4 protein chains.
Amino acid sequence: MIGGGPGSFIGAVHRMAASIDGEAELVCGAFSSDEEKSKQTGAQLNLPPQRVYGSYKEMIRVESTLPPDVRMDFVSIVTPNHQHAEPAILALESGFPVVLDKPLAFDLAEARRIQAAVNKSGLLFCLTHTYTGYPMVKEARQQIISGRLGDIRKIYVDYPQGWLSTFLEGADNKQAAWRTDPSKSGIAGAMGDIGTHAFNLAEYVTGLQVTQVCADIHTVVDGRRLDDDGAVLLRFGNGASGVLIATQVAAGEENNIKIRVYGEKGGIEWQQDQANTLLVKWPDRPTEIWRAGASYVGSYAAHNTRLPAGHPEGYLEAFANLYRNFALCLKARLSGTEAAPEWLDFPGVEEGVRGMLFVEKVIESGGSEKKWITL
Amino acid sequence: MIGGGPGSFIGAVHRMAASIDGEAELVCGAFSSDEEKSKQTGAQLNLPPQRVYGSYKEMIRVESTLPPDVRMDFVSIVTPNHQHAEPAILALESGFPVVLDKPLAFDLAEARRIQAAVNKSGLLFCLTHTYTGYPMVKEARQQIISGRLGDIRKIYVDYPQGWLSTFLEGADNKQAAWRTDPSKSGIAGAMGDIGTHAFNLAEYVTGLQVTQVCADIHTVVDGRRLDDDGAVLLRFGNGASGVLIATQVAAGEENNIKIRVYGEKGGIEWQQDQANTLLVKWPDRPTEIWRAGASYVGSYAAHNTRLPAGHPEGYLEAFANLYRNFALCLKARLSGTEAAPEWLDFPGVEEGVRGMLFVEKVIESGGSEKKWITL
Amino acid sequence: MIGGGPGSFIGAVHRMAASIDGEAELVCGAFSSDEEKSKQTGAQLNLPPQRVYGSYKEMIRVESTLPPDVRMDFVSIVTPNHQHAEPAILALESGFPVVLDKPLAFDLAEARRIQAAVNKSGLLFCLTHTYTGYPMVKEARQQIISGRLGDIRKIYVDYPQGWLSTFLEGADNKQAAWRTDPSKSGIAGAMGDIGTHAFNLAEYVTGLQVTQVCADIHTVVDGRRLDDDGAVLLRFGNGASGVLIATQVAAGEENNIKIRVYGEKGGIEWQQDQANTLLVKWPDRPTEIWRAGASYVGSYAAHNTRLPAGHPEGYLEAFANLYRNFALCLKARLSGTEAAPEWLDFPGVEEGVRGMLFVEKVIESGGSEKKWITL
Amino acid sequence: MIGGGPGSFIGAVHRMAASIDGEAELVCGAFSSDEEKSKQTGAQLNLPPQRVYGSYKEMIRVESTLPPDVRMDFVSIVTPNHQHAEPAILALESGFPVVLDKPLAFDLAEARRIQAAVNKSGLLFCLTHTYTGYPMVKEARQQIISGRLGDIRKIYVDYPQGWLSTFLEGADNKQAAWRTDPSKSGIAGAMGDIGTHAFNLAEYVTGLQVTQVCADIHTVVDGRRLDDDGAVLLRFGNGASGVLIATQVAAGEENNIKIRVYGEKGGIEWQQDQANTLLVKWPDRPTEIWRAGASYVGSYAAHNTRLPAGHPEGYLEAFANLYRNFALCLKARLSGTEAAPEWLDFPGVEEGVRGMLFVEKVIESGGSEKKWITL
């Protein structure tokens, strides 16, 4: 693991997610660019001292020299955005598959460099768009791409947060600090942090691509240096249209990312607050409540569920599904067997480049008097 | 009553709403421009035949000649949009207060003519934006304008319907037929029919005015002559921004109009499907579930509720609140007493003109490459 | 109307419910046993003074002498329980059909006298068990008696209130006072007031009859003279079993009466807080959300709904359905035509006698060491 | 680990729960009484072959001989009920702390033997009543025992399942087979399997003890050998009363265990389907929605939450909280430091004995004509 030292939120999430299914085990880490802090975290995690490194470069270099059955099988990178590209590319060039926290990179140029490195290496690569790991999100996608709703007409995706309603970066909050710092986050704040999740969810669930955006982007809180709020009109390749909302100043909101998709025949609705439920709506018959863990769900949802219906699985299990599928594919590749389609269903570098393209265009649109910007 | 004959939906709604509280009684009507149909409806409603008229002109003329204690006290107009202005203006000029179904008129020019007639007559005028009659919508407004949420930053309003997902006007559906007919509805379909409700709700609840719009307007269903779908980015006078969604092609949706407003300190959420509930959200303490009929609600909500908490009141009671408050104000005026502020809280002609302005600008924006259109 | 004077809650409810559909009009009343108060209420309701009476006896006597097209068509009785039997029986003996508020009577003996009077007179009789007027309760019943769920095994019915959590009858609260007064309510408090509603709902929805009860009855609040809380194990004629909960000391609860029924094949769930929704659950396919006003509901639900799906109808509309169906049957009888089965579906005197039998047995069980008491 | 071989459901749950927080690692196992199956499971779990045993006796014996830093620190026992007592007692006598799946034992006598062994050994013991691991269940308990609701009056606890609505044990279902087999489950089916969860939840959340029960117990499905359904009237030591429902034949239900508690001043409601939410209800002010992960929750809820509010945690995290707190206490004991009160808050052997007492009395009551049976 690269990153995830003291004060990190997402590092601990990656570690918990990776451990649930017993498919991955933390064996080494460069948890901080401060060697002392890296050692400290390594000790807390009960790692042997010799596998705790003072820098990612050292880690990749040393691990490369270890025997195959000892050295790490892949790298998880959980650093802030500006520290994604270099370690990811070095890892790939050194032969290590990569799990990378979203968004893919600091900017689109870096994103394309990572993409090139992935393609050149031929190695597995996973970008942790957590929400696509939820079984009922997968069920939604399968029903939609199977044509159950008919041609898709409308897509609404909504990620309201309230935690940045005040100038939290002025208090001593590490999460707020780097996420609102252009030198670490890139050109976007909310749009990069959660807008990319919403964008990815919309494209994943529908199997469609956004072709044009018209964005209203705001920095609501005084003194903030990046956007903390935005709304985007969307147009999709098949003629469908939609709206994406991502805000961090909806005071009182938590993390209830939500998507609604309507086709000619019916609609679906999913939200994180009822993560194990998928509503499927029809004009002429009762709305259906599809439930994770139920006997009747499709193979993608079933593969990504551990418990009987009614025993809720949550965010960590959704995250764990990314790791589990990545690990299953890795093992298949190592053993020369074929990966099941359900295993291959995790976000990769293409999704990451799409996300960075979205960020770039949406920020451009926010500052433009031109109505529609083409992706 | 003018309009509300065979095949009318909203005519029956007006009659039920007016009768619940015993403040108004139907005494006469010109229910159809077809005299036979008017008579037929009048008979069904047990009206004396001499009070059932073949045209609104006849009704207004004859009723004007009846003794004050016999003639109608006010007129309800429930015709399609293109038949709003003439009867409304004639009624006002003849001294009859008016209750008029929304939207105010066929176009903005007509709307302003009605406005002039209201102002000139000095008579009471009510436009039936039903949703503002709900007690918890009133509670939301009162909490917001009292400053409980701090300065308002974000407004999201959403009116998803699915009933026009197919070419229903091609089947023999009177409701679909006139609402999608430019000669009856005006320049807008969904935006006039339900977009104006959403727009009115946003301005009513926040006490703010929309100053700019950026709209993406669609006619999704083949063959349809007016818009059936739209999304609008909103900017408000105080610097707040928001999104308005109104669609009639969200297959499987009913009428769950919903509003969320966020201020510096907290947010509110109300939706018709849980009409007796208002959620008030805070970053640092539990969300509050405010309930209609509860002891702790404010005077506006209390005045507009009939039953103890937990005995749900619905759409007809919200509609009845418009009639009841209109009637209470009318009685106060007739008796020379002062109307309570709670009674005066019903939508009038200014709200109607705002709605028509919205329709005009939003349709203009939908067809424009310019990003922002000023209202 | 008999009763419903100053301080009455249910009188106003009856009047609103009766007026919504325009099928019934209030023409006379004896609103209080205090002639002055009766006159005062009559004046408020705009009744002609000569139709406002000082006693129900006077009303029935005088109205009987009026010409058929003038005199009242039926009587609504909305007095406390101890004043049900005498006016109801006199009305029936005088040839007036009766709408009577629940529970049927002060005790089982009185209930049977009313039943005898109904049977002897051959007149229509309606007992206002409001909850059976909800369209989705009717839908539940139709699905169950059609066998859709298979043989019924379990019935849970729950009526939690909190309004009597304190000694409210010690404050000047008229509703609390008579409902906790054995000389007015009879032997039961909560069990008579809301337990009978729950009992009626269970028997109505399932079409089954309770055969045995085992009750735990409490008077929780110090100083109270009747039960304010109880739970009852139920056994039904077909071998099904269940639980009935009725309490008035569940502090913070409103009126969320709820029923769940499970058969061999599936289950249903309905609650007043989501009155327009019926959940139908299956082991092997998604739960269905049936909605009032939707195109696909059965004829009973459709007949008892006024609005398109998503425009909520509530308690008053459910109550109005009782009046409307009663009035439709009355008109059919007067006109010699046949009443539709949907019209006949309102609670009558048999349901009332069942309710009083339940009250008697459940109070007996509450005081007994014997486990099961047979109804 | 003892048990958890092929076909086991709860074994995998224990393993996932133990691994989430990195506080415990699986080091050895006797997964089946069939040595071959045990080896097979051990191999799947990547255990070294020498730490996979053919019997629990062998495991305890051999592990006892390993050096302290190698041998297992505690034992998890996840076998069917009839195989709880012997391995638990042997483990305790051999100096190993125990985590044991509920219910505690095959019968009350065995339960008391385990209790004696725990007390004699002085070792830590955890019984996995999962639902008490949910943060908002802990919040409920803390609010109640702090007196926030006043004296407790009513407790309703409800565990509806539907999975045994058919004769599943006749199909080749290992879970159904042992749970309905008196030689493996003991005298109770549903009452032991889920009734004990509901009972434990009621006593845990309120801090009260049940003193008397009156039960209606059924075997609904033909051919079944143990109860699959029951309802129990409860009386508590402080004078409160309540109802417990546990059924496995509520066709269409999943695992929505739910508790409602009412005191003099207010009430709480929690259910697994909305596990991260606790409703706190008041007669005279808005209901509060308390949320896991929010800043304002108490120390017990906070300690048992990993993620920010709105990122749902579920059943596995609740289960993991038991393991985590057990492990924290174990480490504290090993390091001679004091365990925090939040760590000590996991179910132990006393709760297990209470559960077996409940099972014995509730089955006795089900077969008795006597109304109340004293615990």
# chains A, B, ... in the order shown; residues from 1 in each chain; ligands from 1
>>> select_by_dssp(residues="range 44-273 of chain D", states="alpha helix (DSSP H)", output="NGL selection string")
:D and (44 or 56-65 or 85-93 or 108-121 or 135-145 or 174-179 or 182-185 or 190 or 196-206)
>>> closest_atom_pairs(of="chain D", to="chain A", cutoff="6 Å", atoms="only C-alpha atoms", output="CSV")
residue,atom,partner,partner_atom,distance
D:Met16,CA,A:Ile20,CA,5.1
D:Ser19,CA,A:Ile20,CA,5.8
D:Ile20,CA,A:Met16,CA,5.1
D:Glu254,CA,A:Gly310,CA,4.9
D:Asn255,CA,A:Gly310,CA,4.7
D:Ala309,CA,A:Glu254,CA,5.8
D:Gly310,CA,A:Asn255,CA,4.7
D:His311,CA,A:Tyr315,CA,5.6
D:Pro312,CA,A:Gly314,CA,4.8
D:Glu313,CA,A:Gly314,CA,4.8
D:Gly314,CA,A:Pro312,CA,4.8
D:Tyr315,CA,A:Pro312,CA,5.5
>>> atom_distance(atom1="CA of Glu351 in chain C", atom2="CA of Arg235 in chain C")
17.6 Å
>>> closest_residue(among="A:Asn238, A:Gln212, A:Ser8, A:Ser295", to="Glu364 in chain A", atoms="only C-alpha atoms")
A:Gln212
>>> residues_around(residues="Ile114 in chain C", least_positions_apart="2", cutoff="9 Å", atoms="only C-alpha atoms", output="short mmCIF file (atom, residue, chain, number, x, y, z; two decimals) with N, CA, C and O atoms, in the first residue's frame")
data_model
loop_
_atom_site.label_atom_id
_atom_site.label_comp_id
_atom_site.auth_asym_id
_atom_site.auth_seq_id
_atom_site.Cartn_x
_atom_site.Cartn_y
_atom_site.Cartn_z
N HIS C 84 -75.14 5.75 22.29
CA HIS C 84 -75.31 5.19 20.95
C HIS C 84 -76.66 4.46 20.81
O HIS C 84 -77.38 4.65 19.83
N ALA C 85 -76.92 3.60 21.75
CA ALA C 85 -78.01 2.65 21.56
C ALA C 85 -79.38 3.33 21.48
O ALA C 85 -80.15 3.07 20.54
N GLU C 86 -79.67 4.21 22.42
CA GLU C 86 -81.04 4.77 22.45
C GLU C 86 -81.34 5.56 21.17
O GLU C 86 -82.34 5.29 20.50
N ALA C 88 -79.91 5.37 18.26
CA ALA C 88 -79.86 4.50 17.08
C ALA C 88 -81.14 3.69 16.96
O ALA C 88 -81.73 3.57 15.87
N ILE C 89 -81.55 3.12 18.07
CA ILE C 89 -82.76 2.28 18.03
C ILE C 89 -83.99 3.12 17.71
O ILE C 89 -84.84 2.74 16.89
N LEU C 92 -83.97 3.95 14.01
CA LEU C 92 -84.34 2.78 13.19
C LEU C 92 -85.83 2.49 13.30
O LEU C 92 -86.50 2.24 12.29
N LEU C 104 -69.80 0.06 18.51
CA LEU C 104 -71.25 0.02 18.31
C LEU C 104 -72.02 0.54 19.52
O LEU C 104 -72.99 1.28 19.35
N ALA C 105 -71.55 0.17 20.73
CA ALA C 105 -72.41 0.48 21.88
C ALA C 105 -71.60 0.53 23.16
O ALA C 105 -70.38 0.35 23.16
N ALA C 109 -74.69 -6.12 25.44
CA ALA C 109 -76.15 -6.24 25.50
C ALA C 109 -76.80 -5.15 24.64
O ALA C 109 -77.71 -5.42 23.84
N GLU C 110 -76.31 -3.93 24.80
CA GLU C 110 -76.83 -2.84 23.97
C GLU C 110 -76.56 -3.11 22.49
O GLU C 110 -77.39 -2.81 21.63
N ALA C 111 -75.37 -3.66 22.22
CA ALA C 111 -75.02 -3.94 20.83
C ALA C 111 -76.04 -4.88 20.20
O ALA C 111 -76.48 -4.69 19.07
N ARG C 112 -76.42 -5.87 20.97
CA ARG C 112 -77.38 -6.86 20.43
C ARG C 112 -78.77 -6.24 20.27
O ARG C 112 -79.51 -6.62 19.35
N ALA C 116 -80.72 -6.13 16.80
CA ALA C 116 -82.11 -6.56 16.62
C ALA C 116 -82.93 -5.48 15.92
O ALA C 116 -83.75 -5.77 15.04
N ALA C 117 -82.68 -4.24 16.31
CA ALA C 117 -83.44 -3.14 15.69
C ALA C 117 -83.09 -2.99 14.21
O ALA C 117 -83.98 -2.72 13.37
N VAL C 118 -81.83 -3.17 13.88
CA VAL C 118 -81.44 -3.11 12.47
C VAL C 118 -82.15 -4.21 11.70
O VAL C 118 -82.78 -3.99 10.65
N ASN C 119 -82.06 -5.42 12.25
CA ASN C 119 -82.63 -6.56 11.54
C ASN C 119 -84.14 -6.41 11.40
O ASN C 119 -84.71 -6.71 10.34
N VAL C 349 -73.78 -3.69 11.23
CA VAL C 349 -74.07 -3.99 12.63
C VAL C 349 -73.41 -5.29 13.08
O VAL C 349 -73.03 -5.43 14.25
N VAL C 353 -71.26 -5.81 16.46
CA VAL C 353 -71.47 -6.80 17.52
C VAL C 353 -70.18 -7.59 17.75
O VAL C 353 -69.79 -7.85 18.89
#
>>> residues_around(residues="Lys371 in chain A", least_positions_apart="4", cutoff="8 Å", atoms="only C-alpha atoms", output="PDB file with all heavy atoms, in the first residue's frame")
ATOM      1  N   CYS A 214     -23.405  20.858 -19.697  1.00  0.00           N
ATOM      2  CA  CYS A 214     -23.645  22.280 -19.460  1.00  0.00           C
ATOM      3  C   CYS A 214     -23.687  22.442 -17.947  1.00  0.00           C
ATOM      4  O   CYS A 214     -24.614  21.958 -17.292  1.00  0.00           O
ATOM      5  CB  CYS A 214     -24.972  22.702 -20.086  1.00  0.00           C
ATOM      6  SG  CYS A 214     -25.515  24.345 -19.555  1.00  0.00           S
ATOM      7  N   SER A 365     -16.889  24.220 -18.641  1.00  0.00           N
ATOM      8  CA  SER A 365     -18.272  24.667 -18.854  1.00  0.00           C
ATOM      9  C   SER A 365     -18.699  25.635 -17.762  1.00  0.00           C
ATOM     10  O   SER A 365     -19.393  26.622 -18.030  1.00  0.00           O
ATOM     11  CB  SER A 365     -19.210  23.456 -18.886  1.00  0.00           C
ATOM     12  OG  SER A 365     -20.546  23.881 -18.952  1.00  0.00           O
TER      13      SER A 365
ATOM     14  N   GLU B 369     -28.756  28.889 -27.796  1.00  0.00           N
ATOM     15  CA  GLU B 369     -27.384  28.479 -27.511  1.00  0.00           C
ATOM     16  C   GLU B 369     -26.767  29.341 -26.412  1.00  0.00           C
ATOM     17  O   GLU B 369     -25.649  29.083 -25.971  1.00  0.00           O
ATOM     18  CB  GLU B 369     -26.522  28.582 -28.780  1.00  0.00           C
ATOM     19  CG  GLU B 369     -26.699  27.414 -29.728  1.00  0.00           C
ATOM     20  CD  GLU B 369     -26.473  26.069 -29.034  1.00  0.00           C
ATOM     21  OE1 GLU B 369     -25.391  25.852 -28.456  1.00  0.00           O
ATOM     22  OE2 GLU B 369     -27.399  25.241 -29.036  1.00  0.00           O
ATOM     23  N   LYS B 370     -27.489  30.380 -26.033  1.00  0.00           N
ATOM     24  CA  LYS B 370     -27.013  31.238 -24.952  1.00  0.00           C
ATOM     25  C   LYS B 370     -27.217  30.511 -23.620  1.00  0.00           C
ATOM     26  O   LYS B 370     -28.255  29.880 -23.419  1.00  0.00           O
ATOM     27  CB  LYS B 370     -27.836  32.534 -24.966  1.00  0.00           C
ATOM     28  CG  LYS B 370     -27.147  33.720 -24.332  1.00  0.00           C
ATOM     29  CD  LYS B 370     -28.031  34.969 -24.441  1.00  0.00           C
ATOM     30  CE  LYS B 370     -27.826  35.861 -23.240  1.00  0.00           C
ATOM     31  NZ  LYS B 370     -28.937  36.785 -23.039  1.00  0.00           N
ATOM     32  N   LYS B 371     -26.264  30.599 -22.760  1.00  0.00           N
ATOM     33  CA  LYS B 371     -26.348  29.777 -21.556  1.00  0.00           C
ATOM     34  C   LYS B 371     -27.419  30.277 -20.592  1.00  0.00           C
ATOM     35  O   LYS B 371     -28.272  29.515 -20.155  1.00  0.00           O
ATOM     36  CB  LYS B 371     -24.991  29.739 -20.862  1.00  0.00           C
ATOM     37  CG  LYS B 371     -24.907  28.665 -19.778  1.00  0.00           C
ATOM     38  CD  LYS B 371     -23.471  28.415 -19.392  1.00  0.00           C
ATOM     39  CE  LYS B 371     -23.315  27.411 -18.283  1.00  0.00           C
ATOM     40  NZ  LYS B 371     -21.902  27.243 -17.935  1.00  0.00           N
TER      41      LYS B 371
END
>>> closest_residue(among="D:Leu149, D:Met191, D:Glu139, D:Val220", to="Ser165 in chain D", atoms="only C-alpha atoms")
D:Val220
>>> atom_distance(atom1="CA of Leu344 in chain B", atom2="CA of Phe326 in chain B")
7.4 Å
>>> residues_around(residues="Ala30 in chain B", least_positions_apart="3", cutoff="9 Å", atoms="only C-alpha atoms", output="PyMOL selection string")
chain B and resi 1-5+33+35+38-39+42+51-59
>>> write_last_selection(atoms="N, CA, C and O atoms", output="CSV table (one decimal), in the first residue's frame")
chain,number,residue,atom,x,y,z
B,1,MET,N,-69.1,27.9,-11.3
B,1,MET,CA,-67.9,27.2,-11.9
B,1,MET,C,-68.0,27.3,-13.4
B,1,MET,O,-69.0,27.1,-14.0
B,2,ILE,N,-66.8,27.7,-14.0
B,2,ILE,CA,-66.7,27.7,-15.5
B,2,ILE,C,-65.8,26.6,-15.9
B,2,ILE,O,-64.6,26.5,-15.4
B,3,GLY,N,-66.3,25.7,-16.7
B,3,GLY,CA,-65.6,24.5,-17.1
B,3,GLY,C,-65.9,23.3,-16.1
B,3,GLY,O,-66.8,23.5,-15.2
B,4,GLY,N,-65.2,22.2,-16.3
B,4,GLY,CA,-65.4,21.1,-15.3
B,4,GLY,C,-66.5,20.2,-15.8
B,4,GLY,O,-67.1,19.4,-15.0
B,5,GLY,N,-66.8,20.2,-17.1
B,5,GLY,CA,-67.8,19.3,-17.6
B,5,GLY,C,-67.3,17.9,-17.8
B,5,GLY,O,-66.3,17.5,-17.3
B,33,SER,N,-68.7,24.5,-23.0
B,33,SER,CA,-69.2,25.4,-24.1
B,33,SER,C,-70.3,24.8,-24.9
B,33,SER,O,-70.9,25.4,-25.7
B,35,GLU,N,-73.8,23.5,-24.6
B,35,GLU,CA,-74.9,23.7,-23.6
B,35,GLU,C,-75.4,22.4,-23.1
B,35,GLU,O,-75.7,22.2,-21.9
B,38,SER,N,-73.2,21.0,-20.6
B,38,SER,CA,-73.2,21.8,-19.4
B,38,SER,C,-74.4,21.4,-18.5
B,38,SER,O,-74.4,21.2,-17.3
B,39,LYS,N,-75.6,21.2,-19.2
B,39,LYS,CA,-76.8,20.9,-18.5
B,39,LYS,C,-76.7,19.5,-17.9
B,39,LYS,O,-77.1,19.3,-16.7
B,42,GLY,N,-74.6,19.8,-14.8
B,42,GLY,CA,-75.4,20.5,-13.8
B,42,GLY,C,-76.4,19.5,-13.1
B,42,GLY,O,-76.6,19.5,-11.9
B,51,ARG,N,-79.8,27.6,-12.9
B,51,ARG,CA,-78.5,28.1,-12.5
B,51,ARG,C,-77.4,27.4,-13.4
B,51,ARG,O,-76.2,27.5,-13.1
B,52,VAL,N,-77.8,26.6,-14.3
B,52,VAL,CA,-76.8,25.9,-15.2
B,52,VAL,C,-76.9,26.6,-16.5
B,52,VAL,O,-77.9,26.7,-17.2
B,53,TYR,N,-75.7,27.1,-16.9
B,53,TYR,CA,-75.7,28.0,-18.1
B,53,TYR,C,-75.0,27.4,-19.3
B,53,TYR,O,-74.2,26.5,-19.1
B,54,GLY,N,-75.3,27.9,-20.5
B,54,GLY,CA,-74.7,27.4,-21.7
B,54,GLY,C,-73.4,28.0,-22.0
B,54,GLY,O,-72.7,27.6,-22.9
B,55,SER,N,-73.1,29.1,-21.4
B,55,SER,CA,-71.8,29.8,-21.6
B,55,SER,C,-71.4,30.6,-20.4
B,55,SER,O,-72.2,31.0,-19.6
B,56,TYR,N,-70.1,30.8,-20.3
B,56,TYR,CA,-69.7,31.6,-19.1
B,56,TYR,C,-70.2,33.0,-19.2
B,56,TYR,O,-70.5,33.7,-18.2
B,57,LYS,N,-70.3,33.5,-20.4
B,57,LYS,CA,-70.8,34.9,-20.6
B,57,LYS,C,-72.2,35.0,-20.1
B,57,LYS,O,-72.6,36.0,-19.3
B,58,GLU,N,-73.0,34.0,-20.4
B,58,GLU,CA,-74.4,34.0,-19.9
B,58,GLU,C,-74.4,33.9,-18.4
B,58,GLU,O,-75.2,34.7,-17.7
B,59,MET,N,-73.6,33.1,-17.9
B,59,MET,CA,-73.6,32.9,-16.5
B,59,MET,C,-73.2,34.2,-15.8
B,59,MET,O,-73.9,34.6,-14.8
>>> decode(residues="range 288-301 of chain C", atoms="N, CA, C and O atoms", output="mmCIF file, in the first residue's frame")
data_model
loop_
_atom_site.group_PDB
_atom_site.id
_atom_site.type_symbol
_atom_site.label_atom_id
_atom_site.label_comp_id
_atom_site.auth_asym_id
_atom_site.auth_seq_id
_atom_site.Cartn_x
_atom_site.Cartn_y
_atom_site.Cartn_z
ATOM 1 N N GLU C 288 -43.944 -6.317 -4.211
ATOM 2 C CA GLU C 288 -44.701 -5.410 -5.082
ATOM 3 C C GLU C 288 -45.256 -4.243 -4.280
ATOM 4 O O GLU C 288 -45.804 -4.428 -3.190
ATOM 5 N N ILE C 289 -45.134 -3.060 -4.837
ATOM 6 C CA ILE C 289 -45.724 -1.876 -4.219
ATOM 7 C C ILE C 289 -46.985 -1.520 -4.999
ATOM 8 O O ILE C 289 -46.911 -0.952 -6.094
ATOM 9 N N TRP C 290 -48.118 -1.891 -4.470
ATOM 10 C CA TRP C 290 -49.395 -1.543 -5.101
ATOM 11 C C TRP C 290 -49.796 -0.144 -4.635
ATOM 12 O O TRP C 290 -49.675 0.183 -3.455
ATOM 13 N N ARG C 291 -50.309 0.655 -5.584
ATOM 14 C CA ARG C 291 -50.583 2.052 -5.259
ATOM 15 C C ARG C 291 -52.017 2.438 -5.594
ATOM 16 O O ARG C 291 -52.519 2.139 -6.696
ATOM 17 N N ALA C 292 -52.643 3.116 -4.656
ATOM 18 C CA ALA C 292 -53.989 3.632 -4.904
ATOM 19 C C ALA C 292 -53.967 4.549 -6.122
ATOM 20 O O ALA C 292 -53.047 5.342 -6.302
ATOM 21 N N GLY C 293 -54.978 4.432 -6.937
ATOM 22 C CA GLY C 293 -55.085 5.290 -8.109
ATOM 23 C C GLY C 293 -54.395 4.736 -9.337
ATOM 24 O O GLY C 293 -54.544 5.294 -10.429
ATOM 25 N N ALA C 294 -53.630 3.651 -9.150
ATOM 26 C CA ALA C 294 -52.932 3.066 -10.292
ATOM 27 C C ALA C 294 -53.919 2.300 -11.167
ATOM 28 O O ALA C 294 -54.995 1.893 -10.721
ATOM 29 N N SER C 295 -53.497 2.088 -12.411
ATOM 30 C CA SER C 295 -54.389 1.472 -13.394
ATOM 31 C C SER C 295 -54.664 0.001 -13.092
ATOM 32 O O SER C 295 -55.666 -0.546 -13.520
ATOM 33 N N TYR C 296 -53.744 -0.615 -12.347
ATOM 34 C CA TYR C 296 -53.795 -2.073 -12.227
ATOM 35 C C TYR C 296 -54.530 -2.581 -10.993
ATOM 36 O O TYR C 296 -54.626 -3.786 -10.792
ATOM 37 N N VAL C 297 -55.020 -1.704 -10.129
ATOM 38 C CA VAL C 297 -55.675 -2.185 -8.895
ATOM 39 C C VAL C 297 -57.045 -2.760 -9.218
ATOM 40 O O VAL C 297 -57.614 -2.516 -10.287
ATOM 41 N N GLY C 298 -57.579 -3.515 -8.267
ATOM 42 C CA GLY C 298 -58.873 -4.149 -8.455
ATOM 43 C C GLY C 298 -60.036 -3.168 -8.349
ATOM 44 O O GLY C 298 -59.856 -1.981 -8.029
ATOM 45 N N SER C 299 -61.229 -3.679 -8.596
ATOM 46 C CA SER C 299 -62.404 -2.802 -8.697
ATOM 47 C C SER C 299 -62.773 -2.164 -7.365
ATOM 48 O O SER C 299 -63.301 -1.056 -7.338
ATOM 49 N N TYR C 300 -62.502 -2.839 -6.256
ATOM 50 C CA TYR C 300 -62.848 -2.247 -4.959
ATOM 51 C C TYR C 300 -61.962 -1.045 -4.657
ATOM 52 O O TYR C 300 -62.429 0.010 -4.235
ATOM 53 N N ALA C 301 -60.662 -1.204 -4.860
ATOM 54 C CA ALA C 301 -59.760 -0.072 -4.641
ATOM 55 C C ALA C 301 -60.072 1.057 -5.613
ATOM 56 O O ALA C 301 -60.114 2.232 -5.241
#
